[in-house]
file upload-v5.cif (mmCIF, C-alpha atoms)
data_final
loop_
_atom_site.group_PDB
_atom_site.id
_atom_site.type_symbol
_atom_site.label_atom_id
_atom_site.label_comp_id
_atom_site.auth_asym_id
_atom_site.auth_seq_id
_atom_site.Cartn_x
_atom_site.Cartn_y
_atom_site.Cartn_z
ATOM 1 C CA MET Q 1 -26.900 14.513 -80.007
ATOM 2 C CA THR Q 2 -30.524 15.081 -80.915
ATOM 3 C CA ASP Q 3 -33.472 15.068 -78.507
ATOM 4 C CA ARG Q 4 -34.324 11.575 -79.777
ATOM 5 C CA ASP Q 5 -30.780 10.331 -79.108
ATOM 6 C CA ASP Q 6 -30.757 11.816 -75.604
ATOM 7 C CA PHE Q 7 -34.169 10.370 -74.818
ATOM 8 C CA LEU Q 8 -33.247 6.917 -76.120
ATOM 9 C CA ALA Q 9 -30.056 6.933 -74.039
ATOM 10 C CA TRP Q 10 -32.162 7.806 -70.947
ATOM 11 C CA VAL Q 11 -34.609 4.955 -71.726
ATOM 12 C CA LYS Q 12 -31.773 2.452 -72.089
ATOM 13 C CA THR Q 13 -30.014 3.472 -68.864
ATOM 14 C CA THR Q 14 -31.938 5.403 -66.226
ATOM 15 C CA LEU Q 15 -35.390 4.045 -67.041
ATOM 16 C CA TYR Q 16 -34.079 0.502 -67.515
ATOM 17 C CA ASP Q 17 -32.252 0.603 -64.160
ATOM 18 C CA ALA Q 18 -35.409 1.806 -62.381
ATOM 19 C CA GLU Q 19 -37.512 -0.998 -63.859
ATOM 20 C CA PHE Q 20 -34.904 -3.622 -62.978
ATOM 21 C CA ALA Q 21 -34.812 -2.291 -59.393
ATOM 22 C CA LEU Q 22 -38.612 -2.484 -59.131
ATOM 23 C CA HIS Q 23 -38.509 -6.145 -60.148
ATOM 24 C CA ASN Q 24 -36.012 -6.685 -57.319
ATOM 25 C CA GLY Q 25 -38.359 -5.122 -54.767
ATOM 26 C CA ASP Q 26 -37.160 -1.496 -54.807
ATOM 27 C CA ALA Q 27 -39.765 1.021 -56.008
ATOM 28 C CA ALA Q 28 -37.753 4.157 -55.145
ATOM 29 C CA PRO Q 29 -35.912 4.479 -58.487
ATOM 30 C CA ARG Q 30 -39.148 4.043 -60.457
ATOM 31 C CA ARG Q 31 -41.020 6.530 -58.295
ATOM 32 C CA ALA Q 32 -38.208 9.057 -58.709
ATOM 33 C CA LEU Q 33 -38.735 9.001 -62.491
ATOM 34 C CA TRP Q 34 -42.472 9.635 -62.339
ATOM 35 C CA SER Q 35 -43.942 13.091 -62.619
ATOM 36 C CA ARG Q 36 -45.085 14.852 -59.457
ATOM 37 C CA ALA Q 37 -47.484 16.917 -61.571
ATOM 38 C CA GLU Q 38 -50.992 15.833 -62.451
ATOM 39 C CA PRO Q 39 -52.251 14.067 -64.397
ATOM 40 C CA VAL Q 40 -50.438 10.762 -63.849
ATOM 41 C CA SER Q 41 -51.964 7.358 -64.481
ATOM 42 C CA VAL Q 42 -51.311 3.652 -64.843
ATOM 43 C CA LEU Q 43 -53.469 1.155 -66.659
ATOM 44 C CA GLY Q 44 -51.551 -1.828 -65.398
ATOM 45 C CA ALA Q 45 -51.377 -5.522 -66.007
ATOM 46 C CA TRP Q 46 -52.231 -6.139 -62.332
ATOM 47 C CA ARG Q 47 -53.694 -2.864 -61.039
ATOM 48 C CA ASN Q 48 -54.620 0.619 -62.191
ATOM 49 C CA ALA Q 49 -53.787 3.933 -60.534
ATOM 50 C CA ARG Q 50 -54.684 7.571 -61.045
ATOM 51 C CA GLY Q 51 -53.117 10.454 -59.155
ATOM 52 C CA GLN Q 52 -50.114 10.666 -56.853
ATOM 53 C CA ALA Q 53 -51.566 8.793 -53.856
ATOM 54 C CA GLU Q 54 -52.734 5.829 -55.934
ATOM 55 C CA LEU Q 55 -49.411 5.792 -57.776
ATOM 56 C CA ASP Q 56 -47.486 5.611 -54.484
ATOM 57 C CA GLU Q 57 -49.742 2.790 -53.291
ATOM 58 C CA LEU Q 58 -49.345 0.867 -56.546
ATOM 59 C CA PHE Q 59 -45.552 1.138 -56.643
ATOM 60 C CA THR Q 60 -45.289 0.101 -52.984
ATOM 61 C CA HIS Q 61 -47.517 -2.909 -53.669
ATOM 62 C CA LEU Q 62 -45.507 -3.925 -56.745
ATOM 63 C CA ALA Q 63 -42.188 -3.632 -54.895
ATOM 64 C CA LYS Q 64 -43.509 -5.912 -52.138
ATOM 65 C CA SER Q 65 -44.650 -8.428 -54.771
ATOM 66 C CA PHE Q 66 -41.431 -8.608 -56.819
ATOM 67 C CA SER Q 67 -38.057 -10.120 -55.911
ATOM 68 C CA HIS Q 68 -35.128 -12.070 -57.332
ATOM 69 C CA CYS Q 69 -35.190 -10.589 -60.822
ATOM 70 C CA THR Q 70 -32.859 -12.625 -62.987
ATOM 71 C CA SER Q 71 -33.774 -11.010 -66.300
ATOM 72 C CA TYR Q 72 -35.484 -7.856 -67.501
ATOM 73 C CA THR Q 73 -35.305 -6.674 -71.092
ATOM 74 C CA PHE Q 74 -37.254 -3.983 -72.874
ATOM 75 C CA GLU Q 75 -37.798 -4.713 -76.558
ATOM 76 C CA LEU Q 76 -38.410 -1.224 -77.907
ATOM 77 C CA LEU Q 77 -40.687 -1.259 -80.951
ATOM 78 C CA ALA Q 78 -41.389 2.451 -81.368
ATOM 79 C CA PHE Q 79 -40.611 5.786 -79.765
ATOM 80 C CA ASP Q 80 -40.655 9.453 -80.568
ATOM 81 C CA VAL Q 81 -39.933 12.822 -79.039
ATOM 82 C CA VAL Q 82 -41.933 15.903 -79.953
ATOM 83 C CA GLY Q 83 -40.867 18.935 -77.972
ATOM 84 C CA ASP Q 84 -41.362 18.189 -74.283
ATOM 85 C CA LEU Q 85 -43.423 15.027 -74.874
ATOM 86 C CA ALA Q 86 -42.276 11.520 -75.760
ATOM 87 C CA TYR Q 87 -43.542 7.963 -75.845
ATOM 88 C CA THR Q 88 -42.228 4.407 -75.922
ATOM 89 C CA ALA Q 89 -43.987 1.217 -76.986
ATOM 90 C CA GLY Q 90 -42.601 -2.277 -76.726
ATOM 91 C CA PHE Q 91 -42.421 -5.572 -74.911
ATOM 92 C CA GLU Q 92 -41.061 -6.064 -71.408
ATOM 93 C CA HIS Q 93 -39.662 -9.567 -70.895
ATOM 94 C CA THR Q 94 -39.208 -10.385 -67.210
ATOM 95 C CA THR Q 95 -38.081 -13.315 -65.105
ATOM 96 C CA ALA Q 96 -38.550 -12.659 -61.396
ATOM 97 C CA SER Q 97 -40.358 -13.962 -58.350
ATOM 98 C CA VAL Q 98 -43.892 -12.629 -57.949
ATOM 99 C CA ASP Q 99 -45.268 -13.147 -54.453
ATOM 100 C CA GLY Q 100 -42.474 -15.656 -53.894
ATOM 101 C CA GLU Q 101 -43.187 -17.726 -57.011
ATOM 102 C CA PRO Q 102 -40.665 -17.718 -59.888
ATOM 103 C CA ARG Q 103 -42.301 -16.479 -63.091
ATOM 104 C CA SER Q 104 -41.420 -15.443 -66.601
ATOM 105 C CA TYR Q 105 -43.804 -13.206 -68.492
ATOM 106 C CA THR Q 106 -44.038 -10.611 -71.220
ATOM 107 C CA LEU Q 107 -45.992 -7.365 -71.021
ATOM 108 C CA ARG Q 108 -46.921 -4.987 -73.810
ATOM 109 C CA ALA Q 109 -45.960 -1.602 -72.408
ATOM 110 C CA THR Q 110 -46.643 1.892 -73.668
ATOM 111 C CA GLN Q 111 -45.488 4.908 -71.690
ATOM 112 C CA VAL Q 112 -45.925 8.649 -72.133
ATOM 113 C CA TYR Q 113 -43.276 11.063 -70.859
ATOM 114 C CA ARG Q 114 -43.024 14.786 -70.383
ATOM 115 C CA ARG Q 115 -39.946 16.884 -69.856
ATOM 116 C CA GLU Q 116 -40.115 18.770 -66.554
ATOM 117 C CA ASP Q 117 -37.320 21.148 -65.553
ATOM 118 C CA GLY Q 118 -35.113 19.596 -68.236
ATOM 119 C CA GLU Q 119 -35.630 15.990 -67.019
ATOM 120 C CA TRP Q 120 -37.802 13.248 -68.489
ATOM 121 C CA ARG Q 121 -40.644 12.096 -66.234
ATOM 122 C CA VAL Q 122 -43.188 9.331 -66.799
ATOM 123 C CA ALA Q 123 -46.783 10.606 -66.878
ATOM 124 C CA HIS Q 124 -48.702 7.524 -68.053
ATOM 125 C CA ARG Q 125 -48.156 3.792 -68.390
ATOM 126 C CA HIS Q 126 -50.279 1.139 -70.009
ATOM 127 C CA GLY Q 127 -49.196 -2.462 -69.632
ATOM 128 C CA ASP Q 128 -50.951 -5.716 -70.308
ATOM 129 C CA ARG Q 129 -49.968 -9.360 -70.498
ATOM 130 C CA VAL Q 130 -49.190 -11.014 -73.772
ATOM 131 C CA ALA Q 131 -51.118 -14.266 -74.056
ATOM 132 C CA PRO Q 132 -48.809 -17.317 -74.068
#

call {"tool": "encode", "arguments": {"input": "upload-v5.cif", "output": "structure tokens"}}
result
Amino acid sequence: MTDRDDFLAWVKTTLYDAEFALHNGDAAPRRALWSRAEPVSVLGAWRNARGQAELDELFTHLAKSFSHCTSYTFELLAFDVVGDLAYTAGFEHTTASVDGEPRSYTLRATQVYRREDGEWRVAHRHGDRVAP
């Protein structure tokens, strides 16, 4: 397998599982995939974060907000791997409860990854809502 194949397999399994867990109220799998090295950042659909402390606060807040995920799909539009850096860009389609209210929404999501000690870690995320 090539680096691209390995990365894509990780996106479709490990990363997917972590995002699904977050939308069911469990931030631990997502946090485990994020880099512990600086810089890390999120330009989010609901909140932004920069640095480890803000990232922890954001993920805790999101986990408390989400529950009852009935559907999460990531429509991958583009990705690449260049050495120890990679990116993904696509649409996240989610149906879950947000603050107790059932919702369905789509986010445009771009993420940047870096390989650390042989494992992929998320270093940056940008997500914003797609207008209905």

call {"tool": "residues_around", "arguments": {"input": "upload-v5.cif", "residues": "range 59-71 of chain Q", "least_positions_apart": "6", "cutoff": "10 Å", "atoms": "only C-alpha atoms", "output": "compact mmCIF listing (two decimals) with C-alpha atoms, in the frame of the given file"}}
result
# COMPACT_ATOMS: atom_id res chain seq x y z
CA PHE Q 20 -34.90 -3.62 -62.98
CA ALA Q 21 -34.81 -2.29 -59.39
CA LEU Q 22 -38.61 -2.48 -59.13
CA HIS Q 23 -38.51 -6.14 -60.15
CA ASN Q 24 -36.01 -6.68 -57.32
CA GLY Q 25 -38.36 -5.12 -54.77
CA ASP Q 26 -37.16 -1.50 -54.81
CA ALA Q 27 -39.76 1.02 -56.01
CA ALA Q 28 -37.75 4.16 -55.14
CA ARG Q 30 -39.15 4.04 -60.46
CA ARG Q 31 -41.02 6.53 -58.30
CA TRP Q 46 -52.23 -6.14 -62.33
CA ARG Q 47 -53.69 -2.86 -61.04
CA ALA Q 49 -53.79 3.93 -60.53
CA HIS Q 93 -39.66 -9.57 -70.90
CA THR Q 94 -39.21 -10.38 -67.21
CA THR Q 95 -38.08 -13.32 -65.10
CA ALA Q 96 -38.55 -12.66 -61.40
CA SER Q 97 -40.36 -13.96 -58.35
CA VAL Q 98 -43.89 -12.63 -57.95
CA ASP Q 99 -45.27 -13.15 -54.45
CA GLY Q 100 -42.47 -15.66 -53.89
CA GLU Q 101 -43.19 -17.73 -57.01
CA PRO Q 102 -40.66 -17.72 -59.89
CA ARG Q 103 -42.30 -16.48 -63.09
CA SER Q 104 -41.42 -15.44 -66.60

call {"tool": "atom_distance", "arguments": {"input": "upload-v5.cif", "atom1": "CA of Glu75 in chain Q", "atom2": "CA of Ala32 in chain Q"}}
result
22.5 Å

call {"tool": "resolve_selection", "arguments": {"input": "upload-v5.cif", "expression": "the PyMOL selection byres ((chain Q and resi 122) around 12)", "output": "PyMOL selection string"}}
result
chain Q and resi 10-11+14-15+18+30-42+55+84-88+110-116+119-121+123-126

call {"tool": "resolve_selection", "arguments": {"input": "upload-v5.cif", "expression": "the PyMOL selection byres ((chain Q and resi 132) around 9)", "output": "VMD selection string"}}
result
chain Q and resid 105 to 106 129 to 131

call {"tool": "atom_distance", "arguments": {"input": "upload-v5.cif", "atom1": "CA of Phe79 in chain Q", "atom2": "CA of Phe7 in chain Q"}}
result
9.3 Å

call {"tool": "atom_distance", "arguments": {"input": "upload-v5.cif", "atom1": "CA of Ala109 in chain Q", "atom2": "CA of Glu57 in chain Q"}}
result
20.0 Å
